[in-house]
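Everything on this sheet refers to the single structure shown next.
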Amino acid sequence: MKILPRFPLIPGLVLFGALISAPFILSIYWVMILTEILTMGLFAMSFNLLFGYTGLLSFGQAGFFGAGAYCAVLTLLHGPASLWAALAAGFLGAALLALPIGWLCVRRDEIYFAILTLGFGMMLFTVAHNWRSVTGGSDGLGNFTLPKLDLFGWSISLFNPRHFYFLVLLIAAAGALLLLRVVRSPFGLLLRGTRENSNRVSFVGANVRSVRLFAFVVSGALAGLAGALFALFNRIASPEMLHWAFSGKAVLMTILGGSGVFLGPAVGAAIFFVLEHSITAYTTNWMIFLGMILIVLVLVFPKGVLGSAVDFIDRFRKGGGR
Amino acid sequence: MEGILANVLNGLSWGMLLFLIAVGLTTVFGVMGVLNFAHGSLFMLGAYLAMQCMRWFGSFWLGLLIGPPIVAALAVLIERFLLRPLYGRDVSFQLLLTFGVMLFLDDGVRLIWGAAYHVVNPPQILSGVIPFFSQSYPVYRIFLVVLGPLIGAGLWAFFAFTRWGKILRAAAMDRQMAEIVGVRVPVMFTAVFAFGAWLAALGGALAAPHQSVGPAMGEYIIIESFIVVVIGGMGSFPGAFVGALILGLLNSFATTFAPDLQMALPYILLAIVLLARPRGLFGEEA
């Protein structure tokens with residue numbers, strides 16, 4: 001296994017260029033879908049820092065996503081009417097929550113970790129659902145005014161979906177760069193080491209728990225950032241965003257795209273939305289298809305769509321097409 | 001006083017249903033090492049099949065008899081064709097596969113029976129209420145409270161005395177050793193998975209008159225039974241019994257005395273137990 005495969009810089013830049021030019025070509029409808037894809041892609045990538053790189057399957061990632069959403073909306077309702085403040089609140093609020101929860105969860109791994117994160121995620125869900133005076137209960141928290149975006153002295157209205165798209169693209173790219181920085185550092189190697197064999201990592205003197213805790217907090221913070229964007233885009237923060245079914249979406253997108261490739265989860269998010277839109281056009285029972293797709297992926301293509309594609313290209317290059 | 005007694009009975013009847021699901025979940029985990037996300041969906045399927053039998057034949061008992069074996073047959077297929085290829089792979093992928101099965105079954109039920117909630121009446125002998133101090137109490141819940149320990153005792157006798165029960169316990173302790181002394185482990189895995197599914201479906205059929213039958217019932221109960229299994233100790237039979245009783249009673253008392261906390265309490269309990277006693281109340285420390 002290659003320790004650090006070269007990052008495909010050129011495809012990465014092409015993708016970014018395509019994403020920048022997309023709103024000039026696509027209709028408003030697809031720009032809005034692309035906005036959601038980027039938001040959920042960031043969410044799924046935050047999950048994959050734990051799953052793909054650290055080997056910890058979290059079923060509570062939506063807890064931090066939703067916490068970020070509520071922090072952002074609460075900031076706009078009671079704090080300064082600044083977009084940056086709302087996004088920062090989402091990021092930091094989720095990080096602050098992830099610290100104690102992660103401290104408790106990283107004591108266990110494998111199935112116990114999955115159940116602990118599921119439990120804590122649902123605990124956050126019940127807080128959002130039952131603390132009516134602050135969170136608005138099951139109705140969620142809407143009714144905030146979306147402030148203008150202050151950027152280098154310009155003041156940009158976000159009521160235009162294309163403007164909002166560029167904001168989300170900027171934030172998602174920044175989040176992806178932060179993740180890339182983490183996974184390609186020596187620390188990222190250590191993370192993968194704990195996934196392969198945590199005992200050996202302890203033997204060479206690293207503290208497995210602190211390594212995992214750091215990954216947990218970064219992952220939670222980025223999930224919170226994605227949640228903040230999601231809430232601002234949809235103009236609401238609601239308890240379902242913290243439910244474990246929502247965590248399941250991040251899991252599904254990651255498996256769909258491939259947990260072993262950096263951009264896999266984001267590609268998975270894109271496939272997820274395109275599939276959802278094309279299948280729900282015919283039937284409301286899209287979860288049946290999702291279940292079948294997941295089963296086939298796990299059995300036949302555990303590396304996901306992008307992972308299998310990358311494998312195929314590699315083999316094509318090396319083996320002369322064999 | 002009578003309020004407290006009613007709470008105890010409510011908690012016990014719910015706890016008994018939880019026990020039926022948790023015991024299958026914990027046995028499957030103990031023997032096969034698989035945590036089955038779809039277990040709650042099998043429970044739900046049991047409830048729907050019982051409801052369908054009620055409609056076709058007008059008999060609750062027939063539903064109890066017919067539904068669970070159908071679900072068990074489905075479980076044989078799931079184990080044989082979906083789970084078996086994954087035993088050598090990472091545990092996460094087994095969990096993800098059962099998650100996919102859960103999505104499929106939950107939506108499949110919605111496709112067949114619709115998203116609406118259905119009410120199933122208890123059979124004639126068990127319907128109605130009996131006087132209970134100054135108030136009254138449903139007979140069906142008392143039936144559940146009595147039935148639960150009977151099924152529990154039956155299962156305990158099965159595990160303790162029969163040849164099959166002993167083989168299961170041996171395989172749970174040491175899978176390799178069991179294989180060496182001649183247990184056909186693959187066949188046993190299929191049987192255990194089907195047995196767990198049969199119990200879950202039986203629980204579902206029994207739950208049908210206790211609550212309304214709807215497509216969300218599996219999703220709700222799987223989380224509760226995860227908590228039961230973890231609190232009691234994964235793979236532990238007495239753990240599942242005690243865990244189910246604790247969670248059932250906690251639910252009914254919290255509904256009366258701390259309604260705001262009721263939803264959060266199971267998770268708080270889960271966190272406390274997992275952190276203070278990671279292997280659960282009855283689990284052996286590894």
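The way I read the labels, and the way they are meant: chains A, B, ... in the order of the structure tokens, residue 1 as the first residue of every chain, and ligand 1 as the first ligand shown, with later ones counted on from there.
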
Which neighbours of region 247-249 of chain B fall inside 7 Å, counting only C-alpha atoms, when residues of the same chain fewer than 2 positions from it are skipped, and could you give them as an mmCIF file with N, CA and C atoms, in the first residue's frame?
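Writing done, so here's out.cif:
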```
data_model
loop_
_atom_site.group_PDB
_atom_site.id
_atom_site.type_symbol
_atom_site.label_atom_id
_atom_site.label_comp_id
_atom_site.auth_asym_id
_atom_site.auth_seq_id
_atom_site.Cartn_x
_atom_site.Cartn_y
_atom_site.Cartn_z
ATOM 1 N N VAL B 8 -45.283 0.394 37.374
ATOM 2 C CA VAL B 8 -44.478 -0.834 37.387
ATOM 3 C C VAL B 8 -44.996 -1.790 36.325
ATOM 4 N N GLY B 11 -44.178 -0.553 32.849
ATOM 5 C CA GLY B 11 -42.755 -0.732 32.590
ATOM 6 C C GLY B 11 -42.426 -2.185 32.321
ATOM 7 N N LEU B 12 -43.053 -3.089 33.086
ATOM 8 C CA LEU B 12 -42.767 -4.512 32.901
ATOM 9 C C LEU B 12 -43.278 -5.002 31.548
ATOM 10 N N TRP B 14 -43.728 -3.310 28.744
ATOM 11 C CA TRP B 14 -42.859 -2.798 27.689
ATOM 12 C C TRP B 14 -41.485 -3.483 27.756
ATOM 13 N N GLY B 15 -41.013 -3.676 28.992
ATOM 14 C CA GLY B 15 -39.723 -4.340 29.177
ATOM 15 C C GLY B 15 -39.719 -5.749 28.611
ATOM 16 N N VAL B 228 -30.468 -1.602 25.534
ATOM 17 C CA VAL B 228 -30.660 -2.727 26.446
ATOM 18 C C VAL B 228 -29.467 -3.678 26.380
ATOM 19 N N GLY B 243 -31.435 -5.707 31.542
ATOM 20 C CA GLY B 243 -31.394 -4.448 30.808
ATOM 21 C C GLY B 243 -32.768 -4.037 30.315
ATOM 22 N N ALA B 244 -33.539 -5.013 29.790
ATOM 23 C CA ALA B 244 -34.873 -4.711 29.274
ATOM 24 C C ALA B 244 -35.795 -4.247 30.393
ATOM 25 N N LEU B 245 -35.699 -4.908 31.571
ATOM 26 C CA LEU B 245 -36.526 -4.490 32.705
ATOM 27 C C LEU B 245 -36.167 -3.071 33.137
ATOM 28 N N ASN B 251 -38.508 3.978 31.426
ATOM 29 C CA ASN B 251 -39.400 4.656 30.501
ATOM 30 C C ASN B 251 -40.716 5.025 31.150
ATOM 31 N N SER B 252 -41.336 4.043 31.848
ATOM 32 C CA SER B 252 -42.674 4.314 32.356
ATOM 33 C C SER B 252 -42.626 5.293 33.535
ATOM 34 N N PHE B 253 -41.609 5.186 34.386
ATOM 35 C CA PHE B 253 -41.535 6.121 35.507
ATOM 36 C C PHE B 253 -41.171 7.523 35.032
ATOM 37 N N PRO B 266 -32.649 7.197 28.503
ATOM 38 C CA PRO B 266 -31.976 5.976 28.052
ATOM 39 C C PRO B 266 -30.556 6.239 27.564
#
```

*Write down as a PyMOL selection string the residues of region 39-274 of chain A whose backbone DSSP state falls under alpha helix (DSSP H).*
chain A and resi 39-48+61-78+83-105+110-130+132-135+161-183+186-196+198-203+208-234+244-257+264-274

Select from chain A every residue with an atom at most 6 Å from any atom of chain B, then for each give the shortest pair of atoms and their distance in Å to one decimal, using only C-alpha atoms, rows by chain and rising number, as a tab-separated table.
```
residue	atom	partner	partner_atom	distance
A:Gly119	CA	B:Tyr267	CA	5.2
A:Met123	CA	B:Ala264	CA	5.5
A:Thr126	CA	B:Ala264	CA	5.7
A:Met287	CA	B:Asp107	CA	5.8
A:Ile288	CA	B:Phe104	CA	4.3
A:Gly291	CA	B:Gly100	CA	4.2
A:Leu294	CA	B:Gly100	CA	5.4
A:Ile295	CA	B:Gly100	CA	5.5
```

Store the residues of this selection in a file with C-alpha atoms, as a CSV table (one decimal), in the first residue's frame.
```csv
chain,number,residue,atom,x,y,z
A,119,GLY,CA,-26.3,7.5,21.9
A,123,MET,CA,-29.0,12.8,23.3
A,126,THR,CA,-33.6,15.0,22.5
A,287,MET,CA,-35.3,4.3,0.5
A,288,ILE,CA,-35.9,0.8,-0.9
A,291,GLY,CA,-31.1,0.1,0.8
A,294,LEU,CA,-26.0,0.1,-0.1
A,295,ILE,CA,-26.3,-3.7,0.1
```

*asked:* Just want the 9 Å neighbourhood of Trp103 (chain A), counted on only C-alpha atoms, with same-chain residues fewer than 5 positions away dropped. Output as a PyMOL selection string.
replied: chain A and resi 98+209-210+212-213+216

Export of prior selection with C-alpha atoms as an mmCIF file, in the first residue's frame:
```cif
data_model
loop_
_atom_site.group_PDB
_atom_site.id
_atom_site.type_symbol
_atom_site.label_atom_id
_atom_site.label_comp_id
_atom_site.auth_asym_id
_atom_site.auth_seq_id
_atom_site.Cartn_x
_atom_site.Cartn_y
_atom_site.Cartn_z
ATOM 1 C CA ALA A 98 -17.246 17.447 20.263
ATOM 2 C CA ARG A 209 -6.744 8.457 22.508
ATOM 3 C CA SER A 210 -5.465 12.007 21.992
ATOM 4 C CA ARG A 212 -8.427 10.068 17.931
ATOM 5 C CA LEU A 213 -9.830 12.878 20.069
ATOM 6 C CA PHE A 216 -13.063 13.706 16.499
#
```

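Residues within 8 Å of region 183-186 of chain A, counting only C-alpha atoms and excluding same-chain residues fewer than 4 positions away, are A:Leu4, A:Leu49, A:Tyr53, A:Leu179, A:Leu190, A:Leu191.
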
*asked:* Show me, as a PyMOL selection string, the residues that have an atom within 7 Å of Gly239 (chain B) when counting only C-alpha atoms, minus same-chain residues fewer than 4 positions from it.
replied: chain B and resi 232-233+243+281-282

Restricted to C-alpha atoms, what would the selected residues look like written as a PDB file, in the first residue's frame?
```
ATOM      1  CA  GLY B 232     -26.788  -5.653  29.980  1.00  0.00           C
ATOM      2  CA  GLY B 233     -23.549  -6.652  28.308  1.00  0.00           C
ATOM      3  CA  GLY B 243     -31.394  -4.448  30.808  1.00  0.00           C
ATOM      4  CA  LEU B 281     -23.656  -5.048  33.730  1.00  0.00           C
ATOM      5  CA  PHE B 282     -23.373  -8.777  32.982  1.00  0.00           C
TER       6      PHE B 282
END
```

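For the set A:Leu290, A:Ala173, A:Cys71, A:Leu124, the residue with the smallest atom-to-atom gap to Leu19 (chain A) is A:Ala173, counting only C-alpha atoms.
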
*Surrounding residues of region 62-70 of chain B excluding itself and chain neighbours under 5 positions, 7 Å, only C-alpha atoms, as JSON, numbers by chain*: {"B": [46, 49, 50, 53, 54, 198, 201, 202, 205]}

Please report as a Markdown table every residue of region 13-94 of chain B lying within 12 Å of region 168-179 of chain B, along with the nearest atom pair and their distance in Å (one decimal), using only C-alpha atoms.
```
| residue | atom | partner | partner_atom | distance |
| --- | --- | --- | --- | --- |
| B:Thr26 | CA | B:Ala172 | CA | 10.6 |
| B:Thr27 | CA | B:Ala172 | CA | 8.3 |
| B:Val28 | CA | B:Ala172 | CA | 9.2 |
| B:Phe29 | CA | B:Ala172 | CA | 8.7 |
| B:Gly30 | CA | B:Ala172 | CA | 5.3 |
| B:Val31 | CA | B:Ala172 | CA | 4.2 |
| B:Met32 | CA | B:Ala172 | CA | 7.5 |
| B:Gly33 | CA | B:Ala172 | CA | 8.8 |
| B:Val34 | CA | B:Ala172 | CA | 11.9 |
```

*Take CA of Met51 (chain B) and CA of Tyr220 (chain B) and report the distance between them in Å, one decimal.*
18.9 Å

*Can you list, as a list in words, every protein, DNA or RNA residue that comes within 6 Å of region 260-273 of chain A when you count only C-alpha atoms, leaving out same-chain residues fewer than 3 positions away?*
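In the requested format, the answer is Ile37, Gly41, Ala44, Met45, Gly52, Met253, Thr254, Leu256, Gly257, Glu276, Leu306 and Gly307 of chain A.
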
Written selection (C-alpha atoms) as an mmCIF file, in the first residue's frame:
```cif
data_model
loop_
_atom_site.group_PDB
_atom_site.id
_atom_site.type_symbol
_atom_site.label_atom_id
_atom_site.label_comp_id
_atom_site.auth_asym_id
_atom_site.auth_seq_id
_atom_site.Cartn_x
_atom_site.Cartn_y
_atom_site.Cartn_z
ATOM 1 C CA ILE A 37 -24.470 18.737 -2.632
ATOM 2 C CA GLY A 41 -20.385 16.793 0.767
ATOM 3 C CA ALA A 44 -19.804 13.542 4.590
ATOM 4 C CA MET A 45 -16.109 14.432 4.327
ATOM 5 C CA GLY A 52 -12.022 6.343 6.341
ATOM 6 C CA MET A 253 -22.786 9.122 0.907
ATOM 7 C CA THR A 254 -19.332 8.104 2.056
ATOM 8 C CA LEU A 256 -21.395 5.479 -2.141
ATOM 9 C CA GLY A 257 -18.443 7.611 -3.184
ATOM 10 C CA GLU A 276 -32.667 10.852 -5.133
ATOM 11 C CA LEU A 306 -14.855 6.972 -6.943
ATOM 12 C CA GLY A 307 -12.628 4.421 -5.200
#
```

*What is the distance between CA of Ala223 (chain A) and CA of Phe91 (chain A), in Å to one decimal?*
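CA of Phe91 (chain A) lies 7.8 Å from CA of Ala223 (chain A).
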
*A:Val310, A:Leu242, A:Ile28, A:Leu222: which is nearest Leu118 (chain A), counting only C-alpha atoms?*
A:Leu242
